[in-house]
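The structure appears below as structure tokens.
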Amino acid sequence: MAKFFTSYNSPSMAVAVLLLGFLMASLTTTGAQPTGVCYGRDGNNLPPPAQVVALYRSRNIGRMRIYDPNQEVLQALRGSNIELILGVPNPDLQGLASDASAATRWVQTNVRNFFPSVRIKYIAVGNEVSPLSNAQYVSFVLPAMRNIYNAIVAAGLQGQIRVSTAIDTRVLGTSYPPSAGAFRGDVRGFLDPIIGFLANNRAPLLVNVYPYFSLLDNPNQIKLSYALFTNPGPEFTDPNNNLVYQNLFDAILDSVYGALEKAGGSGIEIVVSESGWPSAANREATVNNARTYNQNLINHVRRGSPKTSGRPIETYVFAMFNENLKTPEFEKYFGLFNPNQQPVYPINF
């Protein structure tokens with residue numbers, strides 16, 4: 001955020017201007033809040049969508065990600081002013097990829113019937129599909145993206161709604177230092193055409209970023225404080241560009257930016273479509289760690305990473321609720337709220 005200083009001879013005028021500056025800074029921060037929350041519904045005891053939307057609004061959460069076009073949820077979002085990532089479930093990809101008219105019907109039913117009363121911002125065509133996971137859907141992602149995009153164009157909404165897909169960071173082959181970030185060779189055939197599509201249509205890449213899982217996979221190399229944004233000082237300096245890294249989230253994110261550049265996507269923005277920390281049922285999964293990570297994440301993304309310094313990172317915390325049907329056990333406990341709408345721990349947006 002840009003800062004300025006002006007000198008005044010009158011003390012009262014200086015005080016007035018200072019107070020006005022604080023007020024404007026406060027309003028700017030609130031208005032530019034880059035953080036949303038993922039609304040998963042993998043539970044049999046969750047509140048109805050209308051109550052969920054009311055909870056988002058009461059907590060000043062202005063962005064939501066949903067994983068399928070549930071009509072009751074979309075109806076509840078009408079007039080809420082909440083920006084939305086609307087998901088296409090992986091099992092639906094084949095039908096949308098093979099039949100352009102199916103994509104047209106999908107857009108009519110789930111987008112045109114609700115927009116602009118529902119502020120759909122992105123359509124996430126598939127979640128965490130790659131040759132490494134959900135590989136049975138790999139051949140359908142880009143054709144489905146194209147068909148959905150063409151239906152969006154036919155509706156005249158291409159300037160308002162972007163079509164993308166969400167990946168996880170297992171697709172990285174090199175992640176240290178971040179400037180050397182590169183995608184694995186065995187995913188390039190899948191990702192490179194998608195990156196070209198995003199670049200041509202000025203759409204962001206959605207990336208699920210989880211320092212928690214990196215910590216689990218590398219407990220001897222990664223410190224808890226580095227993963228929780230609580231490192232007292234820098235962890236390392238990237239020798240290729242002298243950018244300084246103090247937390248793992250930034251290092252992962254900037255590694256994906258490095259990989260995008262090497263794959264021809266240097267102008268593509270990243271939206272962090274999931275990030276979170278569980279509060280129970282696994283190593284380092286405590287209420288205190290979850291609260292620390294998520295609150296620090298919300299505060300941090302306003303300022304950007306070393307590579308995007310000064311530019312907020314649009315980020316979606318996973319997840320709104322503890323979901324009792326998720327597996328394995330610890331995945332039930334990523335929620336900010338219990339199903340009774342009481343917070344699992346204090347959190348401030």
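By convention in this document, the chains of the structure tokens carry letters A, B, ... by their order, each chain's residues are numbered from 1, and ligands are numbered from 1 in the order they are shown.
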
I want to know what sits within 7 Å of Phe337 in chain A, based on only C-alpha atoms, with residues of the same chain fewer than 3 positions away left out; could you give that as a ChimeraX atom specification? /A:320-322,341-344

Keeping only N, CA and C atoms, write the selected residues as an mmCIF file, in the first residue's frame.
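Written file, selection14.cif:
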```
data_model
loop_
_atom_site.group_PDB
_atom_site.id
_atom_site.type_symbol
_atom_site.label_atom_id
_atom_site.label_comp_id
_atom_site.auth_asym_id
_atom_site.auth_seq_id
_atom_site.Cartn_x
_atom_site.Cartn_y
_atom_site.Cartn_z
ATOM 1 N N MET A 320 -15.461 -23.230 5.685
ATOM 2 C CA MET A 320 -16.398 -22.537 6.569
ATOM 3 C C MET A 320 -16.768 -23.402 7.771
ATOM 4 N N PHE A 321 -17.047 -24.692 7.539
ATOM 5 C CA PHE A 321 -17.550 -25.564 8.610
ATOM 6 C C PHE A 321 -16.696 -26.823 8.758
ATOM 7 N N ASN A 322 -16.697 -27.367 9.960
ATOM 8 C CA ASN A 322 -16.260 -28.744 10.150
ATOM 9 C C ASN A 322 -17.292 -29.652 9.479
ATOM 10 N N GLN A 341 -22.951 -23.093 13.962
ATOM 11 C CA GLN A 341 -22.575 -21.731 13.583
ATOM 12 C C GLN A 341 -21.745 -21.010 14.644
ATOM 13 N N GLN A 342 -21.332 -21.740 15.676
ATOM 14 C CA GLN A 342 -20.421 -21.159 16.658
ATOM 15 C C GLN A 342 -18.983 -21.334 16.172
ATOM 16 N N PRO A 343 -18.135 -20.318 16.371
ATOM 17 C CA PRO A 343 -16.757 -20.427 15.880
ATOM 18 C C PRO A 343 -15.971 -21.512 16.604
ATOM 19 N N VAL A 344 -15.140 -22.223 15.857
ATOM 20 C CA VAL A 344 -14.227 -23.192 16.464
ATOM 21 C C VAL A 344 -13.180 -22.453 17.285
#
```

Would you mind writing down, as an mmCIF file with C-alpha atoms, in the first residue's frame, each residue of range 46-253 of chain A that DSSP on the backbone assigns to strand (DSSP E or B)?
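Everything below was put into part06.cif:
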```cif
data_model
loop_
_atom_site.group_PDB
_atom_site.id
_atom_site.type_symbol
_atom_site.label_atom_id
_atom_site.label_comp_id
_atom_site.auth_asym_id
_atom_site.auth_seq_id
_atom_site.Cartn_x
_atom_site.Cartn_y
_atom_site.Cartn_z
ATOM 1 C CA ARG A 63 -16.131 -14.004 -1.072
ATOM 2 C CA MET A 64 -17.207 -17.655 -1.262
ATOM 3 C CA ARG A 65 -16.138 -20.756 -3.122
ATOM 4 C CA ILE A 66 -18.620 -23.575 -3.732
ATOM 5 C CA GLU A 83 -18.366 -12.760 -4.902
ATOM 6 C CA LEU A 84 -18.396 -16.405 -5.933
ATOM 7 C CA ILE A 85 -16.141 -19.103 -7.330
ATOM 8 C CA LEU A 86 -18.613 -21.557 -8.856
ATOM 9 C CA GLY A 87 -17.303 -25.093 -9.203
ATOM 10 C CA VAL A 88 -17.855 -27.749 -11.840
ATOM 11 C CA ARG A 119 -21.865 -12.176 -8.250
ATOM 12 C CA ILE A 120 -20.219 -15.112 -10.032
ATOM 13 C CA LYS A 121 -16.579 -14.161 -10.570
ATOM 14 C CA TYR A 122 -14.877 -17.400 -11.619
ATOM 15 C CA ILE A 123 -15.995 -20.806 -12.818
ATOM 16 C CA ALA A 124 -13.621 -23.508 -11.547
ATOM 17 C CA VAL A 125 -13.810 -26.313 -14.095
ATOM 18 C CA GLY A 126 -12.585 -29.270 -12.054
ATOM 19 C CA ASN A 127 -10.635 -29.420 -8.809
ATOM 20 C CA SER A 130 -3.717 -33.791 -12.964
ATOM 21 C CA SER A 133 -4.456 -37.247 -8.941
ATOM 22 C CA ARG A 162 -13.486 -15.912 -15.937
ATOM 23 C CA VAL A 163 -13.164 -19.631 -16.638
ATOM 24 C CA SER A 164 -10.317 -21.509 -14.935
ATOM 25 C CA THR A 165 -9.480 -24.715 -13.082
ATOM 26 C CA ALA A 166 -8.014 -25.418 -9.637
ATOM 27 C CA ILE A 167 -4.730 -27.302 -9.218
ATOM 28 C CA ASP A 168 -2.743 -28.401 -6.195
ATOM 29 C CA LEU A 172 5.583 -28.683 -8.830
ATOM 30 C CA GLY A 173 8.790 -30.534 -9.624
ATOM 31 C CA THR A 174 11.111 -27.805 -8.337
ATOM 32 C CA ALA A 182 9.064 -25.507 -12.287
ATOM 33 C CA PHE A 183 6.257 -27.921 -13.020
ATOM 34 C CA LEU A 205 -4.954 -19.913 -12.345
ATOM 35 C CA LEU A 206 -6.639 -21.240 -9.205
ATOM 36 C CA VAL A 207 -4.155 -22.932 -6.870
ATOM 37 C CA ASN A 208 -4.815 -24.786 -3.607
ATOM 38 C CA PHE A 236 16.155 -17.591 3.440
ATOM 39 C CA THR A 237 16.980 -15.222 0.599
ATOM 40 C CA VAL A 244 13.544 -12.575 1.256
ATOM 41 C CA TYR A 245 11.195 -15.300 2.523
#
```

What's the 10 Å shell around Ser214 in chain A, counting only C-alpha atoms, without same-chain residues fewer than 5 positions away, as a ChimeraX atom specification? /A:169-170,209,219,221-222,227,248-249,252

Please produce a file of the residues just selected, as an mmCIF file, in the first residue's frame, where the atoms kept are C-alpha atoms.
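Listing of selection16.cif after writing:
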```cif
data_model
loop_
_atom_site.group_PDB
_atom_site.id
_atom_site.type_symbol
_atom_site.label_atom_id
_atom_site.label_comp_id
_atom_site.auth_asym_id
_atom_site.auth_seq_id
_atom_site.Cartn_x
_atom_site.Cartn_y
_atom_site.Cartn_z
ATOM 1 C CA THR A 169 0.976 -27.898 -5.665
ATOM 2 C CA ARG A 170 1.931 -31.540 -6.159
ATOM 3 C CA VAL A 209 -1.906 -23.911 -1.284
ATOM 4 C CA PRO A 219 8.827 -32.527 9.300
ATOM 5 C CA GLN A 221 13.144 -29.771 7.037
ATOM 6 C CA ILE A 222 10.244 -27.394 7.784
ATOM 7 C CA ALA A 227 4.509 -22.770 8.267
ATOM 8 C CA LEU A 248 6.192 -21.109 3.715
ATOM 9 C CA PHE A 249 2.990 -19.833 2.103
ATOM 10 C CA ILE A 252 5.035 -22.053 -2.264
#
```

Residue neighbourhood Asn110 in chain A, 9 Å, only C-alpha atoms, exclusion window fewer than 2 positions, as a list in words: Pro69, Asn70, Gln71, Leu74, Leu86, Arg105, Trp106, Val107, Gln108, Arg112, Asn113, Phe114 and Phe115 of chain A

Store the residues picked out above, limited to N, CA and C atoms, as a PDB file, in the first residue's frame.
```pdb
ATOM      1  N   PRO A  69     -22.859 -26.490  -8.463  1.00  0.00           N
ATOM      2  CA  PRO A  69     -23.877 -25.449  -8.631  1.00  0.00           C
ATOM      3  C   PRO A  69     -25.183 -25.798  -7.924  1.00  0.00           C
ATOM      4  N   ASN A  70     -25.122 -25.945  -6.620  1.00  0.00           N
ATOM      5  CA  ASN A  70     -26.320 -26.276  -5.852  1.00  0.00           C
ATOM      6  C   ASN A  70     -27.326 -25.129  -5.960  1.00  0.00           C
ATOM      7  N   GLN A  71     -28.525 -25.455  -6.397  1.00  0.00           N
ATOM      8  CA  GLN A  71     -29.505 -24.407  -6.689  1.00  0.00           C
ATOM      9  C   GLN A  71     -29.978 -23.678  -5.429  1.00  0.00           C
ATOM     10  N   LEU A  74     -27.219 -21.189  -4.596  1.00  0.00           N
ATOM     11  CA  LEU A  74     -27.236 -20.065  -5.532  1.00  0.00           C
ATOM     12  C   LEU A  74     -28.429 -19.150  -5.267  1.00  0.00           C
ATOM     13  N   LEU A  86     -17.619 -20.512  -8.620  1.00  0.00           N
ATOM     14  CA  LEU A  86     -18.613 -21.557  -8.856  1.00  0.00           C
ATOM     15  C   LEU A  86     -17.917 -22.772  -9.452  1.00  0.00           C
ATOM     16  N   ARG A 105     -26.283 -25.461 -21.738  1.00  0.00           N
ATOM     17  CA  ARG A 105     -27.358 -25.668 -20.758  1.00  0.00           C
ATOM     18  C   ARG A 105     -26.847 -25.427 -19.347  1.00  0.00           C
ATOM     19  N   TRP A 106     -25.625 -25.874 -19.069  1.00  0.00           N
ATOM     20  CA  TRP A 106     -25.039 -25.677 -17.734  1.00  0.00           C
ATOM     21  C   TRP A 106     -24.934 -24.193 -17.427  1.00  0.00           C
ATOM     22  N   VAL A 107     -24.441 -23.430 -18.376  1.00  0.00           N
ATOM     23  CA  VAL A 107     -24.293 -21.988 -18.161  1.00  0.00           C
ATOM     24  C   VAL A 107     -25.658 -21.325 -18.018  1.00  0.00           C
ATOM     25  N   GLN A 108     -26.634 -21.751 -18.803  1.00  0.00           N
ATOM     26  CA  GLN A 108     -27.977 -21.172 -18.678  1.00  0.00           C
ATOM     27  C   GLN A 108     -28.557 -21.447 -17.294  1.00  0.00           C
ATOM     28  N   ARG A 112     -26.547 -17.901 -16.074  1.00  0.00           N
ATOM     29  CA  ARG A 112     -27.453 -16.873 -16.600  1.00  0.00           C
ATOM     30  C   ARG A 112     -28.713 -16.739 -15.763  1.00  0.00           C
ATOM     31  N   ASN A 113     -29.177 -17.824 -15.167  1.00  0.00           N
ATOM     32  CA  ASN A 113     -30.379 -17.749 -14.338  1.00  0.00           C
ATOM     33  C   ASN A 113     -30.151 -16.997 -13.033  1.00  0.00           C
ATOM     34  N   PHE A 114     -28.866 -16.744 -12.681  1.00  0.00           N
ATOM     35  CA  PHE A 114     -28.570 -16.109 -11.394  1.00  0.00           C
ATOM     36  C   PHE A 114     -27.772 -14.812 -11.526  1.00  0.00           C
ATOM     37  N   PHE A 115     -26.922 -14.713 -12.510  1.00  0.00           N
ATOM     38  CA  PHE A 115     -26.077 -13.531 -12.673  1.00  0.00           C
ATOM     39  C   PHE A 115     -26.904 -12.384 -13.269  1.00  0.00           C
TER      40      PHE A 115
END
```

Find the spatial neighbours of Gly196 in chain A, counting only C-alpha atoms, within a cut-off of 12 Å - ignore same-chain residues fewer than 2 positions away - and output them as an NGL selection string. :A and (142 or 146 or 164 or 188-194 or 198-205 or 260-261 or 263-268)

Based on the selection just made, write N, CA and C atoms of those residues as a PDB file, in the first residue's frame.
```pdb
ATOM      1  N   LEU A 142      -9.570 -29.413 -20.186  1.00  0.00           N
ATOM      2  CA  LEU A 142      -9.467 -28.303 -21.136  1.00  0.00           C
ATOM      3  C   LEU A 142     -10.648 -28.251 -22.102  1.00  0.00           C
ATOM      4  N   ARG A 146     -13.112 -25.020 -22.433  1.00  0.00           N
ATOM      5  CA  ARG A 146     -13.400 -24.334 -23.702  1.00  0.00           C
ATOM      6  C   ARG A 146     -14.903 -24.243 -23.951  1.00  0.00           C
ATOM      7  N   SER A 164     -11.626 -20.985 -15.318  1.00  0.00           N
ATOM      8  CA  SER A 164     -10.317 -21.509 -14.935  1.00  0.00           C
ATOM      9  C   SER A 164     -10.483 -22.922 -14.401  1.00  0.00           C
ATOM     10  N   ARG A 188       3.443 -31.443 -17.634  1.00  0.00           N
ATOM     11  CA  ARG A 188       3.510 -30.327 -18.578  1.00  0.00           C
ATOM     12  C   ARG A 188       2.550 -30.521 -19.762  1.00  0.00           C
ATOM     13  N   GLY A 189       2.429 -31.749 -20.247  1.00  0.00           N
ATOM     14  CA  GLY A 189       1.522 -31.989 -21.362  1.00  0.00           C
ATOM     15  C   GLY A 189       0.083 -31.662 -21.018  1.00  0.00           C
ATOM     16  N   PHE A 190      -0.276 -31.823 -19.758  1.00  0.00           N
ATOM     17  CA  PHE A 190      -1.617 -31.477 -19.280  1.00  0.00           C
ATOM     18  C   PHE A 190      -1.744 -29.986 -19.010  1.00  0.00           C
ATOM     19  N   LEU A 191      -0.752 -29.409 -18.317  1.00  0.00           N
ATOM     20  CA  LEU A 191      -0.874 -28.032 -17.853  1.00  0.00           C
ATOM     21  C   LEU A 191      -0.583 -26.985 -18.918  1.00  0.00           C
ATOM     22  N   ASP A 192       0.387 -27.225 -19.775  1.00  0.00           N
ATOM     23  CA  ASP A 192       0.790 -26.173 -20.719  1.00  0.00           C
ATOM     24  C   ASP A 192      -0.363 -25.669 -21.592  1.00  0.00           C
ATOM     25  N   PRO A 193      -1.194 -26.543 -22.161  1.00  0.00           N
ATOM     26  CA  PRO A 193      -2.323 -26.019 -22.945  1.00  0.00           C
ATOM     27  C   PRO A 193      -3.326 -25.243 -22.090  1.00  0.00           C
ATOM     28  N   ILE A 194      -3.507 -25.658 -20.835  1.00  0.00           N
ATOM     29  CA  ILE A 194      -4.395 -24.915 -19.933  1.00  0.00           C
ATOM     30  C   ILE A 194      -3.826 -23.533 -19.660  1.00  0.00           C
ATOM     31  N   LEU A 198      -5.578 -19.913 -20.370  1.00  0.00           N
ATOM     32  CA  LEU A 198      -5.739 -18.855 -19.374  1.00  0.00           C
ATOM     33  C   LEU A 198      -5.096 -17.558 -19.845  1.00  0.00           C
ATOM     34  N   ALA A 199      -3.901 -17.664 -20.420  1.00  0.00           N
ATOM     35  CA  ALA A 199      -3.213 -16.465 -20.899  1.00  0.00           C
ATOM     36  C   ALA A 199      -4.010 -15.783 -22.008  1.00  0.00           C
ATOM     37  N   ASN A 200      -4.548 -16.563 -22.928  1.00  0.00           N
ATOM     38  CA  ASN A 200      -5.309 -15.993 -24.042  1.00  0.00           C
ATOM     39  C   ASN A 200      -6.578 -15.299 -23.572  1.00  0.00           C
ATOM     40  N   ASN A 201      -7.159 -15.796 -22.489  1.00  0.00           N
ATOM     41  CA  ASN A 201      -8.440 -15.267 -22.021  1.00  0.00           C
ATOM     42  C   ASN A 201      -8.312 -14.411 -20.767  1.00  0.00           C
ATOM     43  N   ARG A 202      -7.068 -14.095 -20.404  1.00  0.00           N
ATOM     44  CA  ARG A 202      -6.783 -13.229 -19.256  1.00  0.00           C
ATOM     45  C   ARG A 202      -7.509 -13.703 -17.994  1.00  0.00           C
ATOM     46  N   ALA A 203      -7.417 -14.993 -17.761  1.00  0.00           N
ATOM     47  CA  ALA A 203      -8.024 -15.604 -16.582  1.00  0.00           C
ATOM     48  C   ALA A 203      -6.925 -16.028 -15.617  1.00  0.00           C
ATOM     49  N   PRO A 204      -7.211 -16.049 -14.315  1.00  0.00           N
ATOM     50  CA  PRO A 204      -6.214 -16.494 -13.342  1.00  0.00           C
ATOM     51  C   PRO A 204      -6.141 -18.009 -13.276  1.00  0.00           C
ATOM     52  N   LEU A 205      -5.060 -18.503 -12.706  1.00  0.00           N
ATOM     53  CA  LEU A 205      -4.954 -19.913 -12.345  1.00  0.00           C
ATOM     54  C   LEU A 205      -5.342 -20.044 -10.879  1.00  0.00           C
ATOM     55  N   LEU A 260       4.961 -20.959 -13.615  1.00  0.00           N
ATOM     56  CA  LEU A 260       4.126 -20.380 -14.666  1.00  0.00           C
ATOM     57  C   LEU A 260       4.967 -19.633 -15.694  1.00  0.00           C
ATOM     58  N   GLU A 261       5.936 -18.869 -15.209  1.00  0.00           N
ATOM     59  CA  GLU A 261       6.797 -18.112 -16.125  1.00  0.00           C
ATOM     60  C   GLU A 261       7.521 -19.043 -17.092  1.00  0.00           C
ATOM     61  N   ALA A 263       6.528 -21.837 -18.113  1.00  0.00           N
ATOM     62  CA  ALA A 263       5.576 -22.529 -18.992  1.00  0.00           C
ATOM     63  C   ALA A 263       4.819 -21.554 -19.891  1.00  0.00           C
ATOM     64  N   GLY A 264       5.311 -20.325 -19.991  1.00  0.00           N
ATOM     65  CA  GLY A 264       4.683 -19.353 -20.881  1.00  0.00           C
ATOM     66  C   GLY A 264       3.534 -18.584 -20.278  1.00  0.00           C
ATOM     67  N   GLY A 265       3.411 -18.626 -18.949  1.00  0.00           N
ATOM     68  CA  GLY A 265       2.290 -17.948 -18.297  1.00  0.00           C
ATOM     69  C   GLY A 265       2.714 -16.807 -17.404  1.00  0.00           C
ATOM     70  N   SER A 266       3.687 -16.019 -17.844  1.00  0.00           N
ATOM     71  CA  SER A 266       4.239 -14.973 -16.973  1.00  0.00           C
ATOM     72  C   SER A 266       3.234 -13.886 -16.634  1.00  0.00           C
ATOM     73  N   GLY A 267       2.182 -13.714 -17.437  1.00  0.00           N
ATOM     74  CA  GLY A 267       1.200 -12.674 -17.135  1.00  0.00           C
ATOM     75  C   GLY A 267      -0.004 -13.167 -16.366  1.00  0.00           C
ATOM     76  N   ILE A 268      -0.014 -14.437 -15.977  1.00  0.00           N
ATOM     77  CA  ILE A 268      -1.185 -15.019 -15.321  1.00  0.00           C
ATOM     78  C   ILE A 268      -1.146 -14.758 -13.818  1.00  0.00           C
TER      79      ILE A 268
END
```

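Comparing A:Ala100, A:Ile313, A:Ile270, A:Val171 by their smallest distance to Glu128 in chain A, the closest is A:Val171 (using only C-alpha atoms).
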
Got a sec to tell me which of range 190-324 of chain A DSSP assigns to alpha helix (DSSP H), as a VMD selection string? chain A and resid 190 to 200 211 to 217 224 to 227 248 to 262 287 to 300

For the residues selected in the previous step, produce a file with C-alpha atoms as an mmCIF file, in the first residue's frame.
```
data_model
loop_
_atom_site.group_PDB
_atom_site.id
_atom_site.type_symbol
_atom_site.label_atom_id
_atom_site.label_comp_id
_atom_site.auth_asym_id
_atom_site.auth_seq_id
_atom_site.Cartn_x
_atom_site.Cartn_y
_atom_site.Cartn_z
ATOM 1 C CA PHE A 190 -1.617 -31.477 -19.280
ATOM 2 C CA LEU A 191 -0.874 -28.032 -17.853
ATOM 3 C CA ASP A 192 0.790 -26.173 -20.719
ATOM 4 C CA PRO A 193 -2.323 -26.019 -22.945
ATOM 5 C CA ILE A 194 -4.395 -24.915 -19.933
ATOM 6 C CA ILE A 195 -1.867 -22.179 -19.206
ATOM 7 C CA GLY A 196 -2.128 -21.061 -22.830
ATOM 8 C CA PHE A 197 -5.918 -20.960 -22.542
ATOM 9 C CA LEU A 198 -5.739 -18.855 -19.374
ATOM 10 C CA ALA A 199 -3.213 -16.465 -20.899
ATOM 11 C CA ASN A 200 -5.309 -15.993 -24.042
ATOM 12 C CA PRO A 211 1.720 -25.273 4.013
ATOM 13 C CA TYR A 212 0.211 -27.758 6.488
ATOM 14 C CA PHE A 213 0.681 -30.664 4.077
ATOM 15 C CA SER A 214 4.207 -29.537 3.218
ATOM 16 C CA LEU A 215 4.977 -29.596 6.947
ATOM 17 C CA LEU A 216 3.550 -33.111 7.296
ATOM 18 C CA ASP A 217 5.597 -34.350 4.346
ATOM 19 C CA LEU A 224 6.300 -25.121 12.513
ATOM 20 C CA SER A 225 6.894 -21.383 12.906
ATOM 21 C CA TYR A 226 7.814 -21.110 9.219
ATOM 22 C CA ALA A 227 4.509 -22.770 8.267
ATOM 23 C CA LEU A 248 6.192 -21.109 3.715
ATOM 24 C CA PHE A 249 2.990 -19.833 2.103
ATOM 25 C CA ASP A 250 4.907 -17.159 0.200
ATOM 26 C CA ALA A 251 7.600 -19.610 -0.849
ATOM 27 C CA ILE A 252 5.035 -22.053 -2.264
ATOM 28 C CA LEU A 253 3.047 -19.338 -4.021
ATOM 29 C CA ASP A 254 6.075 -17.731 -5.624
ATOM 30 C CA SER A 255 7.325 -21.156 -6.726
ATOM 31 C CA VAL A 256 4.104 -21.562 -8.704
ATOM 32 C CA TYR A 257 4.651 -18.108 -10.203
ATOM 33 C CA GLY A 258 8.155 -19.225 -11.177
ATOM 34 C CA ALA A 259 6.758 -22.367 -12.775
ATOM 35 C CA LEU A 260 4.126 -20.380 -14.666
ATOM 36 C CA GLU A 261 6.797 -18.112 -16.125
ATOM 37 C CA LYS A 262 8.746 -21.106 -17.419
ATOM 38 C CA VAL A 287 -7.087 -25.304 17.716
ATOM 39 C CA ASN A 288 -4.265 -22.896 18.492
ATOM 40 C CA ASN A 289 -2.279 -23.775 15.361
ATOM 41 C CA ALA A 290 -5.371 -23.554 13.158
ATOM 42 C CA ARG A 291 -6.324 -20.172 14.603
ATOM 43 C CA THR A 292 -2.759 -18.885 14.283
ATOM 44 C CA TYR A 293 -2.393 -20.005 10.669
ATOM 45 C CA ASN A 294 -5.747 -18.791 9.418
ATOM 46 C CA GLN A 295 -5.650 -15.427 11.177
ATOM 47 C CA ASN A 296 -2.102 -14.797 10.012
ATOM 48 C CA LEU A 297 -3.088 -15.868 6.491
ATOM 49 C CA ILE A 298 -5.987 -13.400 6.425
ATOM 50 C CA ASN A 299 -3.731 -10.616 7.644
ATOM 51 C CA HIS A 300 -0.811 -11.523 5.393
#
```
